[in-house]
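Here is coords16.txt, consisting of compact mmCIF, C-alpha atoms:
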# COMPACT_ATOMS: atom_id res chain seq x y z
CA MET E 1 0.00 0.00 0.00
CA THR E 2 2.90 2.34 -0.54
CA ASN E 3 1.11 3.75 -3.57
CA GLU E 4 -1.63 5.30 -1.52
CA LYS E 5 0.38 8.14 -0.23
CA ASP E 6 2.13 8.53 -3.55
CA LEU E 7 -1.02 8.98 -5.56
CA SER E 8 -2.57 11.24 -2.95
CA ARG E 9 0.50 13.39 -3.00
CA ILE E 10 0.81 13.43 -6.79
CA VAL E 11 -2.83 14.48 -7.15
CA THR E 12 -2.50 17.16 -4.50
CA ASP E 13 0.64 18.50 -6.14
CA ASN E 14 -0.99 18.62 -9.57
CA LEU E 15 -4.48 19.61 -8.50
CA GLY E 16 -4.73 22.59 -10.84
CA GLU E 17 -3.54 20.72 -13.89
CA VAL E 18 -5.76 17.68 -13.38
CA THR E 19 -8.79 19.89 -12.74
CA ARG E 20 -8.13 21.78 -15.96
CA GLU E 21 -7.76 18.61 -18.04
CA TRP E 22 -10.83 17.10 -16.43
CA VAL E 23 -12.97 20.16 -17.18
CA VAL E 24 -11.68 20.12 -20.77
CA LYS E 25 -12.68 16.46 -21.05
CA LEU E 26 -16.13 17.16 -19.58
CA LYS E 27 -16.63 20.05 -21.96
CA ALA E 28 -15.65 17.84 -24.86
CA ASP E 29 -18.30 15.35 -23.69
CA GLY E 30 -20.88 18.12 -23.85
CA THR E 31 -21.54 18.61 -20.14
CA LEU E 32 -21.91 22.38 -20.50
CA GLN E 33 -23.88 22.32 -23.74
CA THR E 34 -27.29 22.44 -22.17
CA GLY E 35 -26.38 25.51 -20.15
CA ARG E 36 -27.77 24.02 -16.97
CA ILE E 37 -24.49 24.55 -15.13
CA LYS E 38 -21.80 27.13 -15.59
CA GLU E 39 -18.15 26.40 -16.27
CA SER E 40 -17.05 28.02 -13.03
CA GLU E 41 -19.46 25.81 -11.07
CA LEU E 42 -18.17 22.74 -12.83
CA GLU E 43 -14.60 23.71 -12.09
CA THR E 44 -15.36 24.22 -8.40
CA GLU E 45 -17.04 20.83 -8.26
CA CYS E 46 -14.09 19.15 -9.95
CA ARG E 47 -11.56 20.78 -7.65
CA ARG E 48 -13.56 19.89 -4.55
CA PHE E 49 -13.89 16.29 -5.70
CA LEU E 50 -10.15 15.99 -6.31
CA GLU E 51 -9.30 17.47 -2.92
CA LEU E 52 -11.56 15.00 -1.20
CA ALA E 53 -10.43 12.13 -3.40
CA ALA E 54 -6.78 12.91 -2.70
CA SER E 55 -7.36 12.69 1.02
CA GLU E 56 -9.44 9.52 0.79
CA MET E 57 -8.00 7.82 -2.22
CA PHE E 58 -7.35 4.11 -1.89
CA LYS E 59 -8.48 3.99 1.66
CA PRO E 60 -9.25 0.35 2.22
CA GLY E 61 -12.67 -0.84 3.29
CA ASP E 62 -16.17 -0.42 1.99
CA SER E 63 -17.90 2.69 0.75
CA ALA E 64 -19.33 3.53 4.15
CA GLN E 65 -15.95 4.93 5.13
CA LEU E 66 -15.92 7.37 2.25
CA GLY E 67 -18.01 9.88 4.15
CA PRO E 68 -17.15 13.35 2.80
CA ILE E 69 -16.73 12.33 -0.82
CA HIS E 70 -20.04 10.46 -0.74
CA ASP E 71 -21.76 13.47 0.75
CA MET E 72 -20.34 15.64 -1.97
CA LEU E 73 -21.25 13.27 -4.80
CA GLY E 74 -24.65 12.63 -3.24
CA SER E 75 -25.66 16.27 -3.26
CA LEU E 76 -24.14 16.65 -6.72
CA SER E 77 -26.23 13.81 -8.20
CA ARG E 78 -29.34 15.05 -6.45
CA SER E 79 -28.98 18.49 -7.94
CA ARG E 80 -28.14 16.97 -11.35
CA ALA E 81 -31.31 14.88 -11.15
CA LEU E 82 -33.40 17.95 -10.35
CA GLN E 83 -31.73 19.94 -13.13
CA GLY E 84 -32.80 17.28 -15.58
CA PHE E 85 -29.46 15.71 -16.46
CA THR E 86 -29.48 12.14 -17.75
CA PRO E 87 -27.99 9.33 -15.65
CA SER E 88 -25.09 8.93 -18.09
CA GLU E 89 -24.28 12.62 -18.01
CA THR E 90 -24.28 12.47 -14.24
CA SER E 91 -22.09 9.39 -13.91
CA ASN E 92 -19.82 10.66 -16.65
CA PHE E 93 -18.82 13.51 -14.35
CA VAL E 94 -16.95 11.00 -12.20
CA LEU E 95 -15.86 8.65 -14.96
CA ALA E 96 -14.26 11.46 -16.96
CA VAL E 97 -11.67 12.00 -14.24
CA LYS E 98 -10.01 8.70 -15.10
CA LEU E 99 -8.29 9.94 -18.22
CA PRO E 100 -6.44 12.93 -16.70
CA LEU E 101 -5.54 10.83 -13.65
CA PHE E 102 -4.24 7.97 -15.80
CA GLU E 103 -2.13 10.41 -17.76
CA LEU E 104 -0.80 11.85 -14.53
CA ILE E 105 0.07 8.39 -13.23
CA GLY E 106 1.75 7.61 -16.53
CA ARG E 107 3.93 10.66 -16.19
CA GLN E 108 4.75 10.44 -12.51
CA LEU E 109 5.06 6.77 -11.61
CA GLY E 110 7.37 4.02 -12.73
CA PRO E 111 6.00 1.25 -14.95
CA ALA E 112 5.92 -1.26 -12.09
CA GLU E 113 3.67 0.91 -9.93
CA GLN E 114 1.53 2.17 -12.78
CA ALA E 115 -0.50 -0.97 -13.43
CA GLN E 116 -1.31 -1.57 -9.81
CA THR E 117 -2.19 2.04 -9.13
CA MET E 118 -4.41 2.28 -12.17
CA MET E 119 -6.32 -0.84 -11.22
CA ALA E 120 -6.97 0.42 -7.74
CA LEU E 121 -7.92 3.83 -9.12
CA THR E 122 -10.36 2.32 -11.63
CA ALA E 123 -12.06 0.30 -8.93
CA PHE E 124 -12.33 3.40 -6.75
CA ILE E 125 -13.76 5.62 -9.48
CA ASP E 126 -16.18 2.97 -10.73
CA ARG E 127 -17.55 2.53 -7.24
CA LEU E 128 -18.11 6.26 -6.99
CA ALA E 129 -19.77 6.33 -10.41
CA LEU E 130 -22.18 3.58 -9.36
CA PHE E 131 -22.92 5.46 -6.18
CA THR E 132 -23.67 8.55 -8.27
CA ILE E 133 -26.17 6.66 -10.42
CA GLU E 134 -27.83 5.16 -7.38
CA THR E 135 -28.28 8.53 -5.73
CA PHE E 136 -29.46 10.01 -9.00
CA GLN E 137 -32.06 7.28 -9.37
CA ARG E 138 -33.23 7.70 -5.79
CA SER E 139 -33.69 11.44 -6.26
CA ARG E 140 -35.71 10.85 -9.40
CA GLU E 141 -37.94 8.42 -7.54
CA GLU E 142 -38.40 10.97 -4.78
CA VAL E 143 -39.50 13.49 -7.38
CA ILE E 144 -42.02 11.02 -8.81
CA ILE E 145 -43.42 10.14 -5.39
CA ARG E 146 -43.76 13.83 -4.54
CA GLN E 147 -45.58 14.51 -7.78
CA GLN E 148 -47.90 11.59 -7.21
CA ARG E 149 -48.80 13.02 -3.83
CA GLU E 150 -49.40 16.42 -5.36
CA ILE E 151 -51.68 14.92 -7.99
CA ALA E 152 -53.63 13.00 -5.37
CA GLU E 153 -54.12 16.24 -3.47
CA LEU E 154 -55.56 17.81 -6.58
CA SER E 155 -58.67 15.75 -5.94
CA THR E 156 -61.42 18.06 -7.05
CA PRO E 157 -63.33 19.90 -4.35
CA VAL E 158 -67.08 20.23 -4.22
CA VAL E 159 -67.96 23.89 -4.58
CA ARG E 160 -71.09 25.53 -3.21
CA LEU E 161 -72.34 27.93 -5.88
CA TRP E 162 -75.48 29.03 -4.07
CA GLY E 163 -77.66 27.82 -1.25
CA GLY E 164 -78.70 24.36 -2.37
CA ILE E 165 -76.63 24.37 -5.57
CA LEU E 166 -73.34 22.49 -5.64
CA ALA E 167 -70.78 22.13 -8.40
CA LEU E 168 -68.23 19.39 -8.90
CA PRO E 169 -65.66 20.38 -11.51
CA LEU E 170 -64.01 17.12 -12.58
CA ILE E 171 -60.48 17.20 -13.97
CA GLY E 172 -58.33 14.52 -15.55
CA THR E 173 -58.63 10.78 -15.78
CA LEU E 174 -61.87 9.49 -14.36
CA ASP E 175 -61.35 5.74 -14.44
CA SER E 176 -59.16 5.49 -11.39
CA GLU E 177 -59.89 4.93 -7.74
CA ARG E 178 -59.72 8.69 -7.37
CA THR E 179 -63.13 8.88 -9.02
CA GLN E 180 -64.67 6.91 -6.20
CA VAL E 181 -63.33 9.40 -3.67
CA VAL E 182 -64.51 12.39 -5.66
CA MET E 183 -67.99 10.95 -6.05
CA GLU E 184 -68.24 10.11 -2.37
CA ASN E 185 -67.27 13.69 -1.58
CA LEU E 186 -70.14 14.91 -3.68
CA LEU E 187 -72.67 12.69 -1.91
CA GLN E 188 -71.29 13.79 1.44
CA SER E 189 -71.60 17.45 0.46
CA ILE E 190 -75.17 16.96 -0.70
CA VAL E 191 -76.04 15.92 2.84
CA GLU E 192 -73.94 18.64 4.41
CA TYR E 193 -75.46 21.53 2.45
CA SER E 194 -78.89 19.92 1.97
CA ALA E 195 -78.36 20.53 -1.71
CA GLU E 196 -81.17 20.25 -4.21
CA ILE E 197 -79.06 20.45 -7.33
CA ALA E 198 -75.56 19.21 -8.06
CA ILE E 199 -73.79 20.25 -11.25
CA ILE E 200 -71.11 17.84 -12.42
CA ASP E 201 -68.82 19.65 -14.82
CA ILE E 202 -66.72 17.44 -17.10
CA THR E 203 -64.96 20.17 -19.10
CA GLY E 204 -61.62 18.94 -17.77
CA VAL E 205 -62.14 15.27 -18.56
CA PRO E 206 -60.27 14.40 -21.77
CA THR E 207 -61.90 11.03 -22.48
CA VAL E 208 -65.40 9.91 -21.63
CA ASP E 209 -65.70 6.19 -22.25
CA THR E 210 -68.19 3.65 -20.95
CA LEU E 211 -66.47 3.30 -17.59
CA VAL E 212 -66.48 7.05 -17.01
CA ALA E 213 -70.12 7.15 -18.11
CA GLN E 214 -70.91 4.36 -15.71
CA HIS E 215 -69.26 6.24 -12.84
CA LEU E 216 -71.28 9.33 -13.73
CA LEU E 217 -74.53 7.38 -13.94
CA LYS E 218 -73.96 5.71 -10.60
CA THR E 219 -73.29 9.04 -8.95
CA VAL E 220 -76.36 10.61 -10.50
CA ALA E 221 -78.49 7.68 -9.33
CA ALA E 222 -77.08 7.87 -5.81
CA ALA E 223 -77.62 11.64 -5.66
CA ARG E 224 -81.18 11.16 -6.84
CA LEU E 225 -81.85 8.69 -4.03
CA MET E 226 -80.70 11.38 -1.66
CA GLY E 227 -83.15 13.84 -3.12
CA ALA E 228 -80.76 15.90 -5.21
CA ASP E 229 -80.97 16.38 -8.95
CA CYS E 230 -77.80 16.27 -11.02
CA LEU E 231 -77.00 18.34 -14.07
CA ILE E 232 -74.02 17.50 -16.22
CA SER E 233 -72.19 20.35 -17.87
CA GLY E 234 -69.11 20.88 -19.98
CA ILE E 235 -69.90 18.31 -22.66
CA ARG E 236 -67.79 19.36 -25.61
CA PRO E 237 -69.00 18.68 -29.17
CA GLN E 238 -66.48 15.89 -29.81
CA ILE E 239 -67.40 14.20 -26.53
CA ALA E 240 -71.09 14.43 -27.40
CA GLN E 241 -70.55 12.78 -30.79
CA THR E 242 -68.36 10.09 -29.30
CA MET E 243 -70.91 9.27 -26.61
CA VAL E 244 -73.65 8.94 -29.21
CA HIS E 245 -71.52 6.46 -31.16
CA LEU E 246 -70.65 4.56 -28.03
CA GLY E 247 -74.35 4.23 -27.37
CA VAL E 248 -74.12 5.72 -23.91
CA GLU E 249 -77.21 7.48 -22.71
CA LEU E 250 -76.89 9.71 -19.71
CA ASN E 251 -80.42 10.00 -18.46
CA VAL E 252 -79.66 13.38 -17.03
CA VAL E 253 -80.20 16.94 -18.07
CA SER E 254 -76.94 18.13 -19.57
CA LYS E 255 -75.69 21.49 -20.73
CA ALA E 256 -72.76 22.59 -22.83
CA SER E 257 -71.36 24.98 -20.25
CA LEU E 258 -71.35 25.43 -16.51
CA ALA E 259 -72.95 28.85 -16.99
CA ASP E 260 -75.94 27.31 -18.78
CA ALA E 261 -76.25 24.67 -16.09
CA LEU E 262 -76.16 27.31 -13.35
CA ALA E 263 -78.85 29.35 -15.12
CA LEU E 264 -81.03 26.26 -15.27
CA ALA E 265 -80.34 25.46 -11.64
CA PHE E 266 -81.41 28.98 -10.63
CA GLN E 267 -84.59 28.52 -12.58
CA ARG E 268 -85.31 25.22 -10.88
CA VAL E 269 -84.91 26.59 -7.37
CA GLY E 270 -86.94 29.66 -8.32
CA LEU E 271 -84.21 32.25 -8.40
CA ARG E 272 -83.72 35.05 -10.89
CA VAL E 273 -80.62 37.01 -11.58
CA ILE E 274 -81.42 40.67 -12.13
CA SER E 275 -78.96 43.09 -13.58
CA THR E 276 -78.45 46.34 -11.68
CA ALA E 277 -76.90 47.96 -14.73
CA PRO E 278 -78.92 50.70 -16.51
CA GLU E 279 -79.54 48.44 -19.53
CA PRO E 280 -82.22 46.02 -18.37
CA ARG E 281 -81.54 43.65 -21.25
CA ALA E 282 -78.23 42.43 -19.84
CA GLY E 283 -80.02 40.28 -17.23
CA LEU E 284 -79.85 36.53 -16.99
CA ALA E 285 -83.11 34.61 -17.03
CA MET X 1 -53.48 -1.23 -50.37
CA THR X 2 -52.82 -0.52 -46.75
CA VAL X 3 -49.18 -0.31 -45.86
CA PRO X 4 -47.64 0.43 -42.49
CA THR X 5 -45.38 3.45 -42.37
CA GLY X 6 -42.59 4.35 -40.04
CA ARG X 7 -42.34 3.18 -36.50
CA ASP X 8 -44.78 0.98 -34.71
CA ASP X 9 -45.03 0.58 -31.01
CA VAL X 10 -46.09 -2.31 -28.88
CA MET X 11 -47.32 -1.31 -25.45
CA SER X 12 -48.18 -3.79 -22.76
CA ILE X 13 -51.45 -3.52 -20.90
CA ARG X 14 -51.05 -4.85 -17.38
CA THR X 15 -52.45 -2.16 -15.09
CA ALA X 16 -55.06 0.59 -15.12
CA ASP X 17 -52.20 3.08 -15.58
CA ASP X 18 -51.31 1.33 -18.84
CA VAL X 19 -54.80 2.07 -20.13
CA VAL X 20 -54.14 5.76 -19.52
CA ARG X 21 -50.77 5.50 -21.28
CA VAL X 22 -52.33 3.76 -24.28
CA ARG X 23 -54.89 6.56 -24.55
CA GLN X 24 -52.17 9.21 -24.46
CA GLU X 25 -50.08 7.43 -27.06
CA VAL X 26 -53.06 6.92 -29.39
CA ARG X 27 -53.98 10.58 -29.01
CA SER X 28 -50.48 11.73 -29.92
CA ARG X 29 -50.41 9.40 -32.95
CA ALA X 30 -53.81 10.63 -34.08
CA LEU X 31 -52.56 14.21 -33.81
CA GLU X 32 -49.44 13.28 -35.73
CA ILE X 33 -51.37 12.11 -38.79
CA GLY X 34 -53.69 15.08 -38.63
CA LEU X 35 -56.96 13.50 -37.48
CA GLY X 36 -59.58 16.09 -36.59
CA LEU X 37 -60.68 16.66 -33.02
CA VAL X 38 -63.78 14.49 -33.32
CA ASP X 39 -61.93 11.61 -35.00
CA GLN X 40 -59.16 11.85 -32.42
CA THR X 41 -61.67 11.62 -29.61
CA LYS X 42 -63.36 8.67 -31.28
CA ILE X 43 -60.25 6.59 -31.78
CA VAL X 44 -58.95 7.45 -28.30
CA THR X 45 -62.25 6.42 -26.75
CA ALA X 46 -62.35 3.19 -28.76
CA ALA X 47 -58.76 2.47 -27.67
CA SER X 48 -59.74 3.12 -24.08
CA GLU X 49 -62.61 0.61 -24.27
CA LEU X 50 -60.54 -2.10 -25.92
CA ALA X 51 -57.52 -1.58 -23.68
CA ARG X 52 -59.73 -1.93 -20.64
CA ASN X 53 -61.33 -5.06 -22.08
CA THR X 54 -57.86 -6.49 -22.67
CA LEU X 55 -57.03 -5.78 -19.05
CA ASP X 56 -60.30 -6.77 -17.36
CA TYR X 57 -61.44 -9.70 -19.48
CA GLY X 58 -58.26 -10.81 -21.25
CA GLY X 59 -56.16 -10.74 -18.10
CA GLY X 60 -53.74 -8.27 -19.67
CA GLY X 61 -52.09 -8.24 -23.07
CA GLU X 62 -50.63 -5.78 -25.48
CA VAL X 63 -51.49 -3.28 -28.15
CA ARG X 64 -49.61 -2.52 -31.35
CA ILE X 65 -50.02 1.06 -32.52
CA GLU X 66 -49.26 1.68 -36.19
CA ILE X 67 -49.57 4.54 -38.60
CA VAL X 68 -50.78 3.16 -41.92
CA GLN X 69 -51.10 4.62 -45.37
CA ASN X 70 -53.67 3.87 -48.04
CA GLY X 71 -53.22 5.97 -51.13
CA GLY X 72 -53.33 9.55 -49.93
CA ARG X 73 -55.01 8.74 -46.64
CA ARG X 74 -53.28 8.07 -43.41
CA GLY X 75 -54.66 6.18 -40.50
CA VAL X 76 -53.98 4.82 -37.04
CA ARG X 77 -54.30 1.08 -36.70
CA LEU X 78 -54.49 -0.56 -33.29
CA THR X 79 -54.14 -4.27 -32.68
CA PHE X 80 -55.14 -5.51 -29.24
CA GLU X 81 -54.06 -9.00 -28.31
CA ASP X 82 -54.45 -11.07 -25.20
CA ASN X 83 -54.03 -14.68 -24.19
CA GLY X 84 -57.08 -14.69 -21.99
CA PRO X 85 -60.10 -17.00 -21.89
CA GLY X 86 -61.36 -15.81 -25.29
CA ILE X 87 -64.93 -15.07 -26.30
CA ALA X 88 -67.18 -18.07 -26.93
CA ASP X 89 -70.01 -16.22 -28.65
CA ILE X 90 -68.70 -13.18 -30.49
CA GLU X 91 -72.11 -12.24 -31.84
CA LEU X 92 -73.50 -12.08 -28.33
CA ALA X 93 -70.47 -10.15 -27.05
CA MET X 94 -70.95 -7.57 -29.81
CA LYS X 95 -74.55 -6.93 -28.77
CA ASP X 96 -75.35 -3.59 -27.17
CA GLY X 97 -75.90 -3.94 -23.50
CA TYR X 98 -74.47 -7.42 -23.12
CA SER X 99 -71.63 -7.74 -20.65
CA SER X 100 -70.12 -10.82 -19.09
CA GLY X 101 -68.82 -8.50 -16.37
CA LYS X 102 -70.22 -5.49 -14.58
CA GLY X 103 -69.83 -2.91 -17.33
CA LEU X 104 -72.45 -1.18 -19.43
CA GLY X 105 -71.95 -3.70 -22.21
CA LEU X 106 -71.24 -1.02 -24.76
CA GLY X 107 -67.45 -1.21 -24.99
CA LEU X 108 -67.06 -3.66 -27.89
CA SER X 109 -70.02 -2.53 -29.94
CA GLY X 110 -69.20 1.11 -29.21
CA ALA X 111 -65.58 0.62 -30.30
CA ARG X 112 -66.85 -0.81 -33.58
CA ARG X 113 -69.07 2.22 -34.16
CA LEU X 114 -66.21 4.57 -33.32
CA SER X 115 -63.81 3.00 -35.81
CA ASN X 116 -63.66 2.92 -39.59
CA GLU X 117 -62.40 -0.64 -39.56
CA PHE X 118 -63.06 -3.33 -37.01
CA SER X 119 -62.21 -6.99 -36.90
CA ILE X 120 -62.29 -9.48 -34.10
CA GLU X 121 -60.92 -13.01 -33.80
CA SER X 122 -61.22 -15.06 -30.69
CA THR X 123 -60.58 -18.65 -29.77
CA PRO X 124 -61.88 -19.85 -26.42
CA GLY X 125 -58.99 -20.81 -24.20
CA VAL X 126 -56.42 -19.23 -26.51
CA GLY X 127 -57.07 -15.52 -26.63
CA THR X 128 -58.59 -12.58 -28.45
CA ARG X 129 -57.29 -10.28 -31.14
CA ILE X 130 -59.08 -7.09 -32.16
CA VAL X 131 -57.90 -4.74 -34.90
CA ILE X 132 -59.38 -1.27 -35.38
CA ALA X 133 -58.41 1.65 -37.59
CA ARG X 134 -59.45 5.22 -38.06
CA TRP X 135 -58.62 7.14 -41.25
CA THR X 136 -58.12 10.81 -42.01
Using C-alpha cells, write down the structure that the file contains.
Amino acid sequence: MTNEKDLSRIVTDNLGEVTREWVVKLKADGTLQTGRIKESELETECRRFLELAASEMFKPGDSAQLGPIHDMLGSLSRSRALQGFTPSETSNFVLAVKLPLFELIGRQLGPAEQAQTMMALTAFIDRLALFTIETFQRSREEVIIRQQREIAELSTPVVRLWGGILALPLIGTLDSERTQVVMENLLQSIVEYSAEIAIIDITGVPTVDTLVAQHLLKTVAAARLMGADCLISGIRPQIAQTMVHLGVELNVVSKASLADALALAFQRVGLRVISTAPEPRAGLA
Amino acid sequence: MTVPTGRDDVMSIRTADDVVRVRQEVRSRALEIGLGLVDQTKIVTAASELARNTLDYGGGGEVRIEIVQNGGRRGVRLTFEDNGPGIADIELAMKDGYSSGKGLGLGLSGARRLSNEFSIESTPGVGTRIVIARWT
C-alpha cells in the first residue's frame, strides 16, 4: 500500500492541472452544452472532488468509510437529477476524471507501480460512479413520489355555488380509484349543504368512455336517491358525438357549459338574476 | 393497399395506468397524422374501451399502434391482443348492453361504431385479437 500516499501526493501536487484537463474532457463530452451549469461551477465541483479524493483515495474498506466524498457526490447527483441531467451525463462527471488521472500516473510513476495504481484507481472511481447513479435514481424516484402526492391532493373539491346548488368540476382521468373518492365527496356534500341540485362539470375530462359514463350514472343515481338532482355540464361537441356512437345514454339533463347549467339550476330553485346595470336587457333569465 | 409506415409501437397492458398510457399514445399518434378533433376523440375512446377489455377480461395483453397509409389517406391502426379466456359467442359479445362483467356492455359494440375498420378473432382458451383503424 505504498502507492496510496504517492497517488494522494501526486494528485495534491498537480491539482490545478488535473482539474483543468478534467474540465476540458467534460466540456468535450458536452456537459456544458445544455447551459444548466456554468463552467465556473463545474470547475469548483471538480476541484472539490479531487481534494476529497486525494485525502481519501485508496483507503481500504467499503464505501461507508468514504463519508465526505459520498456526501459531496450525493448532493451533486441530487442536484443533477433535479436539473434534468441524464444518468449517463451524471455518472460521466466521475468517470471522466479517469483519463487525466491515468495520464498523470503515466507521467509520474514508474512502470511497475503504474499498473497496480491504475487498477486500484479504476475500482475506486467505478464505485463512486455507481454510487452517483444510485443517488441520482433515488432522487428521481423521490420526485415522482412527490408529484404523485401532489396529484392526489388535486382531488377536485365540491364547490357551493349558491344555497342548495353544488358544483363538482371534474379534472383529468376518471377511471381510477380517485373517481370513487370524488364521487363520495359529492354525496357527502349533498347531505352537508342539503343541496337540491348538483352540477357535475366534465370540461376537464379528456376522455369519456363507458367506464367514465358508468361512474357518472352511478353518482347521479345515488344523488337522486338522496333527493338531489344532477346536471351535467361541460360536454364538448367531440365528446357528445363520441358518446352517441358509443351508445351511452346519460339519463340526465346536460348542458354545454357550466354557466348554462347554473342558469337552469337557478330557474329550478326559483331564483332570478337581475342586472343592476342601466340596460335592463343584460339580465340573466 | 394498406401499408404500415414508419415506427410501430407495442405497449403492454397490465395495469389501469397502462390504459391511460395507451390513450395518451393513441392521441399523440392521431394528432401526428392530422386527425380532426372528433376523429381523435373517437379513436382514443375506442382504444380506451378495448384496452380496458384487454385488461379486465383478457387478463392483460398488449397493443400494437401503427400509422398506416392507403393511397393519400393516413390512418392509425391498433391491434389488441391477449391470451385470456377468449370469447365463446362473439355475436352475443358484440350486442349492445351485453356484458359478461359489470360494465355497461357497450365497450365492444361502441368501439366498432367509433372506428372505420373493425375486426375481431377469438378462440376460447387461446385468446382474443381485435384490430381497429381510423382514417383521415
Checklist line | Spatial neighbours of E:Leu130, 12 Å, all atoms listed in the file, chain gap at least 6 places, as JSON, numbers by chain | finding: {"E": [63, 70, 73, 74, 77, 87, 88, 90, 91, 92, 93, 94, 95, 123, 124, 136, 137]}
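All protein and nucleic acid residues in the vicinity of (-47.8, -3.2, -35.3), that is within 8 Å when counting only C-alpha atoms, are Asp8, Asp9, Val10, Arg64, Ile65, Glu66, Arg77, Leu78 and Thr79 of chain X.
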Check: So which residues touch X:Gly36 within 8 Å, counting all atoms listed in the file, skipping near sequence neighbours fewer than 4 positions away, as number ranges by chain?
Finding: X: 31, 40, 136
Next item on the list: Between X:Val19, X:Ala51, X:Leu114, X:Met94, single out the one closest to chain E, counting all atoms listed in the file.
Entry: X:Leu114
Please, which residues in chain X fall within 8 Å of chain E when counting all atoms listed in the file, and what is the closest atom pair and distance in Å to one decimal for each, ordered by chain then residue number, as CSV?
residue,atom,partner,partner_atom,distance
X:Ala16,CA,E:Ser176,CA,7.4
X:Val20,CA,E:Thr173,CA,7.7
X:Leu37,CA,E:Gln238,CA,6.7
X:Val38,CA,E:Gln238,CA,4.6
X:Thr41,CA,E:Gln238,CA,6.4
X:Lys42,CA,E:Thr242,CA,5.6
X:Val44,CA,E:Thr207,CA,7.4
X:Thr45,CA,E:Asp209,CA,5.7
X:Ala46,CA,E:Asp209,CA,7.9
X:Ser48,CA,E:Asp209,CA,6.9
X:Glu49,CA,E:Asp209,CA,6.7
X:Asp96,CA,E:Gly247,CA,7.9
X:Gly103,CA,E:Leu211,CA,7.1
X:Leu104,CA,E:Thr210,CA,6.6
X:Leu106,CA,E:Leu246,CA,6.5
X:Gly107,CA,E:Thr210,CA,6.4
X:Ser109,CA,E:Leu246,CA,7.4
X:Gly110,CA,E:Leu246,CA,3.9
X:Ala111,CA,E:Leu246,CA,6.8
X:Arg113,CA,E:His245,CA,5.7
X:Leu114,CA,E:His245,CA,6.0
Selection export as a PDB file, in the frame of the given file, atoms kept: C-alpha atoms:
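Contents of selection_32.pdb, as written:
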ATOM      1  CA  ALA X  16     -55.060   0.590 -15.120  1.00  0.00           C
ATOM      2  CA  VAL X  20     -54.140   5.760 -19.520  1.00  0.00           C
ATOM      3  CA  LEU X  37     -60.680  16.660 -33.020  1.00  0.00           C
ATOM      4  CA  VAL X  38     -63.780  14.490 -33.320  1.00  0.00           C
ATOM      5  CA  THR X  41     -61.670  11.620 -29.610  1.00  0.00           C
ATOM      6  CA  LYS X  42     -63.360   8.670 -31.280  1.00  0.00           C
ATOM      7  CA  VAL X  44     -58.950   7.450 -28.300  1.00  0.00           C
ATOM      8  CA  THR X  45     -62.250   6.420 -26.750  1.00  0.00           C
ATOM      9  CA  ALA X  46     -62.350   3.190 -28.760  1.00  0.00           C
ATOM     10  CA  SER X  48     -59.740   3.120 -24.080  1.00  0.00           C
ATOM     11  CA  GLU X  49     -62.610   0.610 -24.270  1.00  0.00           C
ATOM     12  CA  ASP X  96     -75.350  -3.590 -27.170  1.00  0.00           C
ATOM     13  CA  GLY X 103     -69.830  -2.910 -17.330  1.00  0.00           C
ATOM     14  CA  LEU X 104     -72.450  -1.180 -19.430  1.00  0.00           C
ATOM     15  CA  LEU X 106     -71.240  -1.020 -24.760  1.00  0.00           C
ATOM     16  CA  GLY X 107     -67.450  -1.210 -24.990  1.00  0.00           C
ATOM     17  CA  SER X 109     -70.020  -2.530 -29.940  1.00  0.00           C
ATOM     18  CA  GLY X 110     -69.200   1.110 -29.210  1.00  0.00           C
ATOM     19  CA  ALA X 111     -65.580   0.620 -30.300  1.00  0.00           C
ATOM     20  CA  ARG X 113     -69.070   2.220 -34.160  1.00  0.00           C
ATOM     21  CA  LEU X 114     -66.210   4.570 -33.320  1.00  0.00           C
TER      22      LEU X 114
END
Item checked: Best match for closeness to E:Gln33 among E:Gln114, E:Glu89, E:Phe49, E:Glu184, counting all atoms listed in the file -> E:Glu89
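Take atom CA of E:Asp29 and atom CA of E:Leu99: the distance between them is 12.6 Å.
Note that atom CA of E:Ile10 and atom CA of E:Pro100 are 12.3 Å apart.
Atom pair atom CA of E:Pro169 / atom CA of E:Ile202 has a distance of 6.4 Å (rounded to one decimal).
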Next item on the list: Give me the residues within 8 Å of stretch 119-135 of chain X as a VMD selection string, counting only C-alpha atoms and dropping any in the same chain fewer than 2 places off.
Entry: chain X and resid 35 39 43 58 73 to 88 90 112 115 to 117
Notebook entry, point to check: Which polymer residues have any atom within 12 Å of an atom of E:Gly110, counting all atoms listed in the file, with same-chain residues fewer than 6 positions away left out, as a ChimeraX atom specification?
Noted result: /E:3,6,104,116-118
